[in-house]
Amino acid sequence: MTTLFVYRAEDNQVVARISGDDDKALLERAESEYCSNDFCYTFTPAFGASDGLVPGDDVVDIEV
């Protein structure tokens with residue numbers, strides 16, 4: 001199973017985790033739910049690294 005992390009572009013805070021077996025389906029779901037320049041997505045989050053993602057407080061978990 002793969003996880004796609006959706007995060008806010010302004011502060012790199014994770015807002016959603018979309019999980020499933022088909023990467024294309026994960027990306028399509030992210031684009032349908034978070035289709036704004038305010039959000040970005042990644043399969044490799046790099047938590048704790050310089051300019052890496054920041055864990056969110058109210059992260060939405062979505063399974064595809």
# chains A, B, ... in the order shown; residues from 1 in each chain; ligands from 1
$ select_by_dssp --residues "chain A" --states "strand (DSSP E or B)" --output "list in words"
Thr2, Thr3, Leu4, Phe5, Val6, Tyr7, Arg8, Gln13, Val14, Val15, Ala16, Arg17, Ile18, Ser19, Gly20, Phe39, Cys40, Tyr41, Thr42, Val54, Val60, Asp61, Ile62 and Glu63 of chain A
$ closest_atom_pairs --of "stretch 3-44 of chain A" --to "stretch 49-53 of chain A" --cutoff "12 Å" --atoms "only C-alpha atoms" --output "tab-separated table"
residue	atom	partner	partner_atom	distance
A:Phe5	CA	A:Leu53	CA	9.1
A:Val6	CA	A:Leu53	CA	9.6
A:Tyr7	CA	A:Leu53	CA	7.5
A:Arg8	CA	A:Leu53	CA	9.2
A:Ala9	CA	A:Leu53	CA	9.9
A:Glu10	CA	A:Leu53	CA	11.0
A:Asp11	CA	A:Leu53	CA	8.3
A:Asn12	CA	A:Leu53	CA	4.9
A:Gln13	CA	A:Leu53	CA	5.9
A:Val14	CA	A:Leu53	CA	6.6
A:Val15	CA	A:Leu53	CA	10.4
A:Ala16	CA	A:Leu53	CA	11.8
A:Cys40	CA	A:Leu53	CA	10.8
A:Tyr41	CA	A:Leu53	CA	10.4
A:Thr42	CA	A:Leu53	CA	9.6
A:Phe43	CA	A:Leu53	CA	11.3
A:Thr44	CA	A:Leu53	CA	9.5
$ residues_around --residues "A:Thr3" --least-positions-apart "6" --cutoff "9 Å" --atoms "only C-alpha atoms" --output "ChimeraX atom specification"
/A:17-21,23,26,42-44
$ write_last_selection --atoms "N, CA and C atoms" --output "PDB file, in the first residue's frame"
ATOM      1  N   ARG A  17      -3.583  12.292   4.344  1.00  0.00           N
ATOM      2  CA  ARG A  17      -2.844  11.122   3.886  1.00  0.00           C
ATOM      3  C   ARG A  17      -3.818  10.297   3.062  1.00  0.00           C
ATOM      4  N   ILE A  18      -3.483  10.059   1.808  1.00  0.00           N
ATOM      5  CA  ILE A  18      -4.342   9.274   0.929  1.00  0.00           C
ATOM      6  C   ILE A  18      -3.626   7.961   0.641  1.00  0.00           C
ATOM      7  N   SER A  19      -4.254   6.848   1.004  1.00  0.00           N
ATOM      8  CA  SER A  19      -3.613   5.539   0.897  1.00  0.00           C
ATOM      9  C   SER A  19      -4.355   4.641  -0.079  1.00  0.00           C
ATOM     10  N   GLY A  20      -3.593   3.783  -0.760  1.00  0.00           N
ATOM     11  CA  GLY A  20      -4.177   2.820  -1.688  1.00  0.00           C
ATOM     12  C   GLY A  20      -3.089   2.106  -2.455  1.00  0.00           C
ATOM     13  N   ASP A  21      -3.501   1.276  -3.407  1.00  0.00           N
ATOM     14  CA  ASP A  21      -2.557   0.467  -4.166  1.00  0.00           C
ATOM     15  C   ASP A  21      -2.198   1.041  -5.535  1.00  0.00           C
ATOM     16  N   ASP A  23      -1.084   4.333  -7.575  1.00  0.00           N
ATOM     17  CA  ASP A  23      -0.569   5.703  -7.464  1.00  0.00           C
ATOM     18  C   ASP A  23      -1.396   6.702  -8.272  1.00  0.00           C
ATOM     19  N   LEU A  26      -4.479   7.610  -6.409  1.00  0.00           N
ATOM     20  CA  LEU A  26      -4.170   8.500  -5.279  1.00  0.00           C
ATOM     21  C   LEU A  26      -4.024   9.934  -5.758  1.00  0.00           C
ATOM     22  N   THR A  42       3.113  14.694  -2.115  1.00  0.00           N
ATOM     23  CA  THR A  42       4.366  13.951  -2.243  1.00  0.00           C
ATOM     24  C   THR A  42       4.186  12.529  -1.735  1.00  0.00           C
ATOM     25  N   PHE A  43       4.930  11.599  -2.330  1.00  0.00           N
ATOM     26  CA  PHE A  43       4.973  10.227  -1.838  1.00  0.00           C
ATOM     27  C   PHE A  43       6.129  10.052  -0.853  1.00  0.00           C
ATOM     28  N   THR A  44       7.062  11.016  -0.802  1.00  0.00           N
ATOM     29  CA  THR A  44       8.245  10.938   0.064  1.00  0.00           C
ATOM     30  C   THR A  44       8.303  12.177   0.950  1.00  0.00           C
TER      31      THR A  44
END
$ atom_distance --atom1 "atom CA of A:Asp22" --atom2 "atom CA of A:Thr2"
7.6 Å
$ closest_residue --among "A:Asp58, A:Leu4, A:Glu63, A:Pro45" --to "A:Glu31" --atoms "only C-alpha atoms"
A:Leu4
$ select_by_dssp --residues "chain A" --states "alpha helix (DSSP H)" --output "PyMOL selection string"
chain A and resi 23-33
$ write_last_selection --atoms "C-alpha atoms" --output "compact mmCIF listing (two decimals), in the first residue's frame"
# COMPACT_ATOMS: atom_id res chain seq x y z
CA ASP A 23 -0.57 5.70 -7.46
CA LYS A 24 -2.61 7.19 -10.29
CA ALA A 25 -5.84 6.82 -8.28
CA LEU A 26 -4.17 8.50 -5.28
CA LEU A 27 -3.10 11.47 -7.39
CA GLU A 28 -6.55 11.76 -8.97
CA ARG A 29 -8.18 11.78 -5.52
CA ALA A 30 -5.74 14.45 -4.29
CA GLU A 31 -6.46 16.60 -7.33
CA SER A 32 -10.22 16.26 -6.85
CA GLU A 33 -10.11 17.05 -3.10
